[in-house]
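Trainee: Dumping the structure here so I can ask a few things about it.
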Amino acid sequence: MSIYLDHAATTPMVAAAKRALADQMDKLGNPSSLHMYGRATRKDVEESREAIARAVACRPSEVIFTGSGTEANNTALKGLHWLRANEKRNLVVISEIEHHAIFDPAQWLADYEKAEVIKLPVLASGEIDLAFLRKLVTERGNEITVISVMHSNNETGTIQPVAEIVKIASGAQIPVHCDAVQSFGKVPLSFKDLGVTALTISAHKIGGPMGIGALILQHGLEIPALIHGGGQEREIRSGTLNTPSIAAFAAAASDAASAQAERASFVSKLREQFIAGAKAAIPDLIVNGSGEQLPGIINLTFPGTESDTLLLLFDAAGVACSTGSACSAGVHEPSHVLMAMGHSQVSAQSSLRFSLSYLNSESDVAEVIALFPSVISRARAANL
Ligand SMILES: Cc1ncc(COP(=O)(O)O)c(C=O)c1O
């Protein structure tokens, strides 16, 4: 058996992206060069920018290519903070459930820029506590440099009330950055309609290559750069553009956009089948995350087990899944996301993430569910 259920970590490249990548590798020309080779490559970059802008409903000039989603997050959080910080305004607001690509730059701002960082708590559902944010903005809105909240969580798939957050922030003119890496291509996502100041997307979660992402940044807003050099990308992200990856990113974004609704409805059905089967097999399991969910992410807690053991047992049976949380020195840390939702360290460390895509089938789900009784009982025995 070989079943891949870790599509939230990365997913196979789609044919159109592979073709675009290969085509560009046969071309010559730095997109910043003025001669015909450079101009031809520049044209391909700008067409790719337009395709990505269409997929996320922004202006082409709002797309800034970066080397990853992580880089886009760092650029946005640090850049917006640097733009607005002064003696009276030095407070960075993120949520308790952000990816490390926001958590860690926020910590960096605390360590090196003496910023105060407040993490918004979440409800047991996994949704950000809006009442907490409302009170914070009312009391300390003029001290906040930036609010950064994710569009959906990478561990639980819970979709966040970003439009509400923007409404609360806009009363105090606070810019909002949104990490939409997991949502882009999976659920409808419109930069224009959300009204955020900045938005992060990444290619390898939607069938594009690894190592290419984009920051969508409101037209006309210039933020201090993280990387300095040749002044590419509105002088916010210097460095020769990675044309092959950009073209492949655009191809993947167009592919994802064209089939988004159809794939989402198929994957949601697989998710329902998975959860129903899992509950029938292991009645005491806990499904983490409720409210509005991404179609493909399922996070389950199996009381009396240990995540690393579960992962290895599933892997040995030919099923690739994830604990969803960060790994340090080969051991998974208890998930800060599940703990923010009220889990103890022990139950957070008894949890697994299965992430599905349209490439999976009903029979994949049935085969994996058939393994549950034996895998879970072996994991429980190993944990005694
Ligand atoms: C929510 C979220 N943000 C950011 C990232 C980082 O993106 P990248 O892998 O392109 O650096 C990931 C990737 O796992 C993610 O899930």
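We name chains A, B, ... following the order of the structure tokens; residues begin at 1 in each chain, and ligands are numbered from 1 as shown.
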Just want the residues within 8 Å of ligand 1, written as JSON, numbers by chain, counting only C-alpha atoms and all ligand atoms.
Mentor: {"A": [8, 9, 10, 67, 68, 69, 70, 71, 73, 98, 99, 100, 101, 102, 150, 152, 153, 154, 155, 179, 180, 181, 182, 200, 201, 202, 203, 204, 205, 210, 211, 212, 213]}
Trainee: Based on the selection just made, write N, CA, C and O atoms of those residues as a tab-separated table (two decimals), in the first residue's frame.
Mentor:
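Ended up saving to result23.tsv:
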```tsv
chain	number	residue	atom	x	y	z
A	8	ALA	N	-1.09	18.77	2.84
A	8	ALA	CA	-0.91	20.11	3.43
A	8	ALA	C	0.57	20.41	3.63
A	8	ALA	O	0.96	21.57	3.78
A	9	ALA	N	1.40	19.36	3.65
A	9	ALA	CA	2.85	19.58	3.75
A	9	ALA	C	3.39	19.98	2.38
A	9	ALA	O	4.07	20.99	2.22
A	10	THR	N	3.08	19.15	1.40
A	10	THR	CA	3.34	19.50	-0.01
A	10	THR	C	2.57	18.51	-0.87
A	10	THR	O	2.21	17.43	-0.40
A	67	GLY	N	10.81	33.95	-2.25
A	67	GLY	CA	11.39	32.60	-2.33
A	67	GLY	C	10.59	31.54	-1.59
A	67	GLY	O	10.94	30.36	-1.63
A	68	SER	N	9.53	31.92	-0.90
A	68	SER	CA	8.69	30.95	-0.17
A	68	SER	C	7.55	31.68	0.53
A	68	SER	O	7.57	32.91	0.63
A	69	GLY	N	6.61	30.91	1.05
A	69	GLY	CA	5.59	31.49	1.91
A	69	GLY	C	6.23	32.04	3.19
A	69	GLY	O	5.83	33.11	3.69
A	70	THR	N	7.21	31.35	3.68
A	70	THR	CA	7.91	31.79	4.89
A	70	THR	C	8.51	33.18	4.67
A	70	THR	O	8.39	34.06	5.54
A	71	GLU	N	9.15	33.37	3.50
A	71	GLU	CA	9.75	34.68	3.24
A	71	GLU	C	8.67	35.77	3.11
A	71	GLU	O	8.84	36.89	3.60
A	73	ASN	N	5.80	35.84	4.60
A	73	ASN	CA	5.33	36.14	5.96
A	73	ASN	C	6.31	37.05	6.69
A	73	ASN	O	5.92	38.02	7.35
A	98	GLU	N	-0.77	30.65	14.86
A	98	GLU	CA	-0.05	30.92	13.60
A	98	GLU	C	0.99	29.84	13.34
A	98	GLU	O	1.51	29.19	14.27
A	99	HIS	N	1.34	29.70	12.08
A	99	HIS	CA	2.46	28.84	11.66
A	99	HIS	C	3.76	29.44	12.21
A	99	HIS	O	3.84	30.64	12.46
A	100	HIS	N	4.79	28.62	12.33
A	100	HIS	CA	6.07	29.15	12.81
A	100	HIS	C	6.62	30.26	11.91
A	100	HIS	O	7.41	31.08	12.37
A	101	ALA	N	6.17	30.31	10.66
A	101	ALA	CA	6.64	31.35	9.75
A	101	ALA	C	6.07	32.72	10.12
A	101	ALA	O	6.45	33.74	9.52
A	102	ILE	N	5.16	32.78	11.09
A	102	ILE	CA	4.73	34.06	11.69
A	102	ILE	C	5.17	34.10	13.15
A	102	ILE	O	5.67	35.12	13.64
A	150	MET	N	-3.93	34.01	10.31
A	150	MET	CA	-3.95	33.13	9.15
A	150	MET	C	-5.37	32.97	8.59
A	150	MET	O	-6.35	33.15	9.33
A	152	SER	N	-6.49	30.09	7.17
A	152	SER	CA	-6.94	28.80	7.71
A	152	SER	C	-5.73	28.15	8.35
A	152	SER	O	-4.59	28.39	7.93
A	153	ASN	N	-6.01	27.32	9.35
A	153	ASN	CA	-4.90	26.74	10.09
A	153	ASN	C	-4.37	25.47	9.41
A	153	ASN	O	-5.14	24.61	8.99
A	154	ASN	N	-3.05	25.36	9.37
A	154	ASN	CA	-2.41	24.24	8.68
A	154	ASN	C	-2.54	22.92	9.43
A	154	ASN	O	-2.40	21.86	8.85
A	155	GLU	N	-2.82	22.96	10.74
A	155	GLU	CA	-2.93	21.70	11.50
A	155	GLU	C	-4.36	21.20	11.56
A	155	GLU	O	-4.61	20.01	11.47
A	179	ASP	N	-1.91	35.11	6.42
A	179	ASP	CA	-1.18	33.97	5.86
A	179	ASP	C	-2.22	33.02	5.26
A	179	ASP	O	-2.92	32.31	5.99
A	180	ALA	N	-2.32	33.06	3.94
A	180	ALA	CA	-3.35	32.25	3.26
A	180	ALA	C	-2.74	31.06	2.54
A	180	ALA	O	-3.31	30.52	1.58
A	181	VAL	N	-1.58	30.60	3.02
A	181	VAL	CA	-0.86	29.51	2.33
A	181	VAL	C	-1.73	28.26	2.21
A	181	VAL	O	-1.75	27.61	1.16
A	182	GLN	N	-2.48	27.91	3.26
A	182	GLN	CA	-3.27	26.67	3.18
A	182	GLN	C	-4.60	26.88	2.45
A	182	GLN	O	-5.16	25.92	1.92
A	200	THR	N	-0.26	36.25	2.13
A	200	THR	CA	0.82	35.34	1.71
A	200	THR	C	0.26	34.10	1.02
A	200	THR	O	-0.70	33.50	1.51
A	201	ILE	N	0.91	33.72	-0.10
A	201	ILE	CA	0.57	32.45	-0.77
A	201	ILE	C	1.86	31.72	-1.14
A	201	ILE	O	2.93	32.33	-1.20
A	202	SER	N	1.74	30.43	-1.38
A	202	SER	CA	2.93	29.63	-1.68
A	202	SER	C	2.59	28.62	-2.76
A	202	SER	O	1.49	28.05	-2.76
A	203	ALA	N	3.56	28.35	-3.67
A	203	ALA	CA	3.26	27.52	-4.84
A	203	ALA	C	3.14	26.03	-4.54
A	203	ALA	O	2.32	25.33	-5.12
A	204	HIS	N	3.98	25.54	-3.61
A	204	HIS	CA	4.07	24.07	-3.52
A	204	HIS	C	2.89	23.42	-2.80
A	204	HIS	O	2.80	22.19	-2.75
A	205	LYS	N	1.97	24.24	-2.28
A	205	LYS	CA	0.77	23.65	-1.67
A	205	LYS	C	-0.34	23.46	-2.70
A	205	LYS	O	-1.38	22.90	-2.39
A	210	MET	N	8.40	23.85	-5.09
A	210	MET	CA	8.81	24.37	-3.78
A	210	MET	C	9.74	25.56	-3.99
A	210	MET	O	10.38	25.69	-5.04
A	211	GLY	N	9.81	26.43	-3.01
A	211	GLY	CA	10.77	27.52	-3.08
A	211	GLY	C	10.30	28.70	-3.91
A	211	GLY	O	11.11	29.45	-4.45
A	212	ILE	N	9.00	28.87	-4.04
A	212	ILE	CA	8.47	30.08	-4.67
A	212	ILE	C	7.14	30.43	-4.01
A	212	ILE	O	6.29	29.58	-3.79
A	213	GLY	N	7.00	31.70	-3.66
A	213	GLY	CA	5.77	32.17	-3.02
A	213	GLY	C	5.52	33.59	-3.47
A	213	GLY	O	6.22	34.12	-4.35
```
Trainee: Counting only C-alpha atoms, give me one row per residue of stretch 187-244 of chain A with an atom at most 12 Å from an atom of stretch 34-39 of chain A, showing the shortest contact pair and its distance in Å to one decimal, sorted by chain then residue number, as CSV.
Mentor:
```
residue,atom,partner,partner_atom,distance
A:Thr240,CA,A:Gly38,CA,11.5
A:Leu241,CA,A:Gly38,CA,11.4
A:Thr243,CA,A:Gly38,CA,11.0
```
Trainee: Counting only C-alpha atoms, which of A:Glu262, A:Glu362, A:Glu222, A:Glu333 gets nearest to A:Gly277?
Mentor: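 Distance minimum relative to A:Gly277 lands on A:Glu362.
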Trainee: Measuring atom to atom with only C-alpha atoms, identify which of A:Ala248, A:Ile206, A:Leu77, A:Leu312 is nearest to A:Thr11.
Mentor: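 Distance minimum relative to A:Thr11 lands on A:Ile206.
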Trainee: Show me, as a list of chain:residue names, the residues that have an atom within 12 Å of A:Arg84 when counting only C-alpha atoms, minus same-chain residues fewer than 5 positions from it.
Mentor: A:Leu77, A:Lys78, A:Gly79, A:Arg89, A:Asn90, A:Leu91, A:Val92, A:Ala115, A:Asn142, A:Glu143, A:Ile144, A:Thr145, A:Val146, A:Ile147, A:Gln173, A:Ile174, A:Pro175, A:Leu221, A:Glu222, A:Ile223, A:Pro224
Trainee: Residues near A:Val63, anyone? I mean within 12 Å using only C-alpha atoms, not counting same-chain ones fewer than 6 positions away, as JSON, numbers by chain.
Mentor: {"A": [45, 46, 47, 48, 49, 50, 51, 52, 53, 54, 55, 56, 57, 72, 191, 198, 199, 200, 201, 213, 214, 215, 216, 217, 218, 219, 220, 232, 233, 234, 236, 237, 246, 250]}
Trainee: For A:Phe302, which residue among A:Ser322, A:Asn242, A:Gln260, A:Ser347 is the nearest when counting only C-alpha atoms?
Mentor: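 Of A:Ser322, A:Asn242, A:Gln260, A:Ser347, the one nearest A:Phe302 is A:Ser347, counting only C-alpha atoms.
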Trainee: Mind the document's chain letters and residue numbers, and return as a ChimeraX atom specification the residues of stretch 70-261 of chain A that DSSP labels strand (DSSP E or B).
Mentor: /A:91-95,116-120,122,128,144-150,152,158-159,176-179,198-202,213-217,227,237
Trainee: Keeping C-alpha atoms for every residue in the selection just given, could you write it to a file as a CSV table (one decimal), in the first residue's frame?
Mentor:
```
chain,number,residue,atom,x,y,z
A,91,LEU,CA,2.8,46.2,19.6
A,92,VAL,CA,2.6,43.3,17.2
A,93,VAL,CA,-0.6,41.2,17.3
A,94,ILE,CA,-0.7,37.6,16.0
A,95,SER,CA,-2.7,34.6,17.0
A,116,GLU,CA,5.6,43.7,22.5
A,117,VAL,CA,3.9,40.7,21.0
A,118,ILE,CA,0.3,39.7,21.9
A,119,LYS,CA,-1.1,36.4,20.7
A,120,LEU,CA,-4.8,36.3,20.2
A,122,VAL,CA,-8.7,30.9,20.2
A,128,ILE,CA,-9.7,33.3,16.9
A,144,ILE,CA,-0.6,48.2,17.4
A,145,THR,CA,1.7,48.2,14.3
A,146,VAL,CA,0.3,45.2,12.6
A,147,ILE,CA,-2.1,42.3,13.1
A,148,SER,CA,-1.3,39.0,11.4
A,149,VAL,CA,-3.8,36.2,11.4
A,150,MET,CA,-4.0,33.1,9.2
A,152,SER,CA,-6.9,28.8,7.7
A,158,THR,CA,-10.1,25.7,10.7
A,159,ILE,CA,-11.0,28.8,8.6
A,176,VAL,CA,-3.8,43.3,8.6
A,177,HIS,CA,-1.6,40.6,7.1
A,178,CYS,CA,-3.1,37.2,6.4
A,179,ASP,CA,-1.2,34.0,5.9
A,198,ALA,CA,-1.1,41.9,2.7
A,199,LEU,CA,-1.6,38.3,2.0
A,200,THR,CA,0.8,35.3,1.7
A,201,ILE,CA,0.6,32.5,-0.8
A,202,SER,CA,2.9,29.6,-1.7
A,213,GLY,CA,5.8,32.2,-3.0
A,214,ALA,CA,4.2,35.6,-3.2
A,215,LEU,CA,3.3,38.4,-1.0
A,216,ILE,CA,0.2,40.3,-2.2
A,217,LEU,CA,0.7,43.8,-0.9
A,227,ILE,CA,16.5,41.8,1.4
A,237,ARG,CA,12.3,41.9,-2.6
```
Trainee: List every residue of stretch 140-291 of chain A that DSSP, applied to the backbone of this structure, places in alpha helix (DSSP H), and write the result as a ChimeraX atom specification.
Mentor: /A:140,162-170,191-194,243-281
Trainee: Point out the residue among A:Pro209, A:Pro31, A:Pro161, A:Gly171 with the least atom-to-atom distance to A:Ala15, counting only C-alpha atoms.
Mentor: A:Pro209
Trainee: Taking into account only C-alpha atoms, which residue in the set A:Leu311, A:Leu294, A:Leu352, A:Met1 is nearest to A:Ala264?
Mentor: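 Closest candidate: A:Leu294.
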Trainee: Neighbouring residues of A:Ser268 were defined as those with any atom within 10 Å, considering only C-alpha atoms; residues of the same chain fewer than 3 positions away were excluded. Please report them as a PyMOL selection string.
Mentor: chain A and resi 263-265+271-274+293-297+356-358
Trainee: Could you save the residues just selected, with all heavy atoms, as a compact mmCIF listing (two decimals), in the first residue's frame?
Mentor:
```
# COMPACT_ATOMS: atom_id res chain seq x y z
N ARG A 263 -13.09 20.48 -7.06
CA ARG A 263 -12.19 19.70 -6.21
C ARG A 263 -12.58 19.83 -4.74
O ARG A 263 -12.55 18.86 -3.99
CB ARG A 263 -10.73 20.18 -6.41
CG ARG A 263 -10.16 19.74 -7.74
CD ARG A 263 -8.78 20.31 -7.99
NE ARG A 263 -8.32 19.99 -9.34
CZ ARG A 263 -7.27 20.55 -9.93
NH1 ARG A 263 -6.55 21.47 -9.29
NH2 ARG A 263 -6.93 20.20 -11.14
N ALA A 264 -12.97 21.04 -4.35
CA ALA A 264 -13.35 21.25 -2.94
C ALA A 264 -14.54 20.38 -2.58
O ALA A 264 -14.57 19.78 -1.51
CB ALA A 264 -13.66 22.73 -2.68
N SER A 265 -15.50 20.28 -3.50
CA SER A 265 -16.68 19.50 -3.13
C SER A 265 -16.32 18.01 -3.08
O SER A 265 -16.78 17.29 -2.18
CB SER A 265 -17.86 19.85 -4.04
OG SER A 265 -18.16 18.83 -4.91
N ARG A 271 -13.46 13.83 3.06
CA ARG A 271 -13.22 14.19 4.46
C ARG A 271 -14.34 13.63 5.34
O ARG A 271 -14.10 13.05 6.39
CB ARG A 271 -13.11 15.71 4.59
CG ARG A 271 -12.79 16.20 5.97
CD ARG A 271 -12.62 17.73 5.98
NE ARG A 271 -12.13 18.15 7.28
CZ ARG A 271 -12.91 18.37 8.33
NH1 ARG A 271 -14.21 18.23 8.23
NH2 ARG A 271 -12.38 18.74 9.49
N GLU A 272 -15.57 13.81 4.87
CA GLU A 272 -16.72 13.29 5.64
C GLU A 272 -16.63 11.77 5.78
O GLU A 272 -16.86 11.22 6.84
CB GLU A 272 -18.04 13.64 4.94
CG GLU A 272 -18.49 15.06 5.22
CD GLU A 272 -19.59 15.50 4.26
OE1 GLU A 272 -20.35 14.64 3.75
OE2 GLU A 272 -19.66 16.72 4.00
N GLN A 273 -16.29 11.11 4.64
CA GLN A 273 -16.15 9.65 4.66
C GLN A 273 -15.07 9.24 5.66
O GLN A 273 -15.24 8.31 6.45
CB GLN A 273 -15.77 9.17 3.24
CG GLN A 273 -15.59 7.67 3.12
CD GLN A 273 -14.84 7.28 1.84
OE1 GLN A 273 -14.67 8.09 0.91
NE2 GLN A 273 -14.38 6.03 1.78
N PHE A 274 -13.96 9.99 5.65
CA PHE A 274 -12.83 9.68 6.53
C PHE A 274 -13.24 9.81 8.00
O PHE A 274 -13.00 8.92 8.82
CB PHE A 274 -11.67 10.63 6.21
CG PHE A 274 -10.34 10.20 6.78
CD1 PHE A 274 -9.37 9.64 5.97
CD2 PHE A 274 -10.06 10.35 8.13
CE1 PHE A 274 -8.14 9.23 6.48
CE2 PHE A 274 -8.84 9.94 8.66
CZ PHE A 274 -7.88 9.38 7.83
N GLN A 293 -14.42 24.68 7.85
CA GLN A 293 -13.16 23.95 7.71
C GLN A 293 -12.68 23.92 6.26
O GLN A 293 -13.49 23.95 5.33
CB GLN A 293 -13.38 22.49 8.14
CG GLN A 293 -13.71 22.28 9.59
CD GLN A 293 -12.52 22.54 10.51
OE1 GLN A 293 -12.61 23.34 11.42
NE2 GLN A 293 -11.41 21.89 10.26
N LEU A 294 -11.37 23.78 6.08
CA LEU A 294 -10.84 23.49 4.75
C LEU A 294 -11.35 22.11 4.32
O LEU A 294 -11.55 21.25 5.18
CB LEU A 294 -9.31 23.43 4.78
CG LEU A 294 -8.53 24.73 4.89
CD1 LEU A 294 -7.03 24.41 4.85
CD2 LEU A 294 -8.87 25.67 3.75
N PRO A 295 -11.50 21.89 3.01
CA PRO A 295 -12.00 20.58 2.59
C PRO A 295 -11.08 19.42 2.98
O PRO A 295 -11.56 18.34 3.29
CB PRO A 295 -12.07 20.69 1.06
CG PRO A 295 -11.90 22.13 0.72
CD PRO A 295 -11.31 22.83 1.91
N GLY A 296 -9.77 19.64 2.97
CA GLY A 296 -8.86 18.48 3.00
C GLY A 296 -8.16 18.14 4.30
O GLY A 296 -7.45 17.14 4.35
N ILE A 297 -8.29 18.96 5.35
CA ILE A 297 -7.48 18.68 6.55
C ILE A 297 -8.34 18.05 7.65
O ILE A 297 -9.41 18.53 7.97
CB ILE A 297 -6.78 19.97 7.05
CG1 ILE A 297 -5.76 20.44 6.01
CG2 ILE A 297 -6.12 19.73 8.41
CD1 ILE A 297 -4.89 21.62 6.42
N LEU A 356 -5.90 15.52 2.78
CA LEU A 356 -6.34 14.88 1.54
C LEU A 356 -6.33 15.87 0.38
O LEU A 356 -6.39 17.07 0.59
CB LEU A 356 -7.77 14.36 1.69
CG LEU A 356 -8.17 13.67 3.00
CD1 LEU A 356 -9.64 13.28 2.96
CD2 LEU A 356 -7.33 12.44 3.21
N SER A 357 -6.30 15.33 -0.84
CA SER A 357 -6.46 16.20 -2.01
C SER A 357 -7.35 15.51 -3.02
O SER A 357 -7.75 14.35 -2.82
CB SER A 357 -5.09 16.52 -2.64
OG SER A 357 -4.84 15.69 -3.76
N TYR A 358 -7.61 16.22 -4.11
CA TYR A 358 -8.45 15.64 -5.17
C TYR A 358 -7.75 14.45 -5.81
O TYR A 358 -8.36 13.69 -6.57
CB TYR A 358 -8.78 16.72 -6.22
CG TYR A 358 -7.57 17.18 -7.00
CD1 TYR A 358 -7.25 16.60 -8.23
CD2 TYR A 358 -6.73 18.17 -6.50
CE1 TYR A 358 -6.13 17.00 -8.93
CE2 TYR A 358 -5.61 18.58 -7.19
CZ TYR A 358 -5.30 17.99 -8.40
OH TYR A 358 -4.19 18.38 -9.08
```
Trainee: Quick one: residues within 8 Å of A:Gln345, only C-alpha atoms, excluding same-chain residues fewer than 3 positions away - as a short mmCIF file (atom, residue, chain, number, x, y, z; two decimals) with N, CA, C and O atoms, in the first residue's frame?
Mentor:
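Full text of result.cif as output:
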```cif
data_model
loop_
_atom_site.label_atom_id
_atom_site.label_comp_id
_atom_site.auth_asym_id
_atom_site.auth_seq_id
_atom_site.Cartn_x
_atom_site.Cartn_y
_atom_site.Cartn_z
N PRO A 334 4.87 19.11 21.20
CA PRO A 334 3.41 19.14 21.30
C PRO A 334 2.90 20.35 20.52
O PRO A 334 3.53 21.41 20.56
N SER A 335 1.80 20.18 19.81
CA SER A 335 1.33 21.24 18.93
C SER A 335 0.84 22.47 19.72
O SER A 335 -0.06 22.35 20.56
N MET A 339 -2.78 22.92 21.79
CA MET A 339 -2.75 23.37 23.18
C MET A 339 -3.52 24.69 23.33
O MET A 339 -4.23 24.90 24.32
N ALA A 348 -2.29 16.65 23.16
CA ALA A 348 -1.76 17.25 21.92
C ALA A 348 -0.76 16.29 21.27
O ALA A 348 -0.67 16.20 20.05
N GLN A 349 -0.05 15.54 22.12
CA GLN A 349 0.94 14.60 21.57
C GLN A 349 0.35 13.22 21.27
O GLN A 349 1.08 12.24 21.15
#
```
Trainee: Can you measure atom CA of A:Leu80 to atom CA of A:Arg140 for me? One decimal in Å is fine.
Mentor: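 So the answer is 17.5 Å.
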Trainee: At a cut-off of 10 Å, using only C-alpha atoms, what residues contact stretch 377-379 of chain A? Leave out same-chain residues fewer than 5 positions from it and give the result as a list in words.
Mentor: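 Returned residues: Ile282, Phe302, Gly304, Thr305, Glu306, Ser307, Asp308, Thr309, Leu310, Leu311, Leu312, Leu313, Ser350, Phe372 and Leu384 of chain A.
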Trainee: Which distance in Å separates atom CA of A:Ser61 and atom CA of A:Ser32, to one decimal?
Mentor: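 Distance between the two atoms: 16.1 Å.
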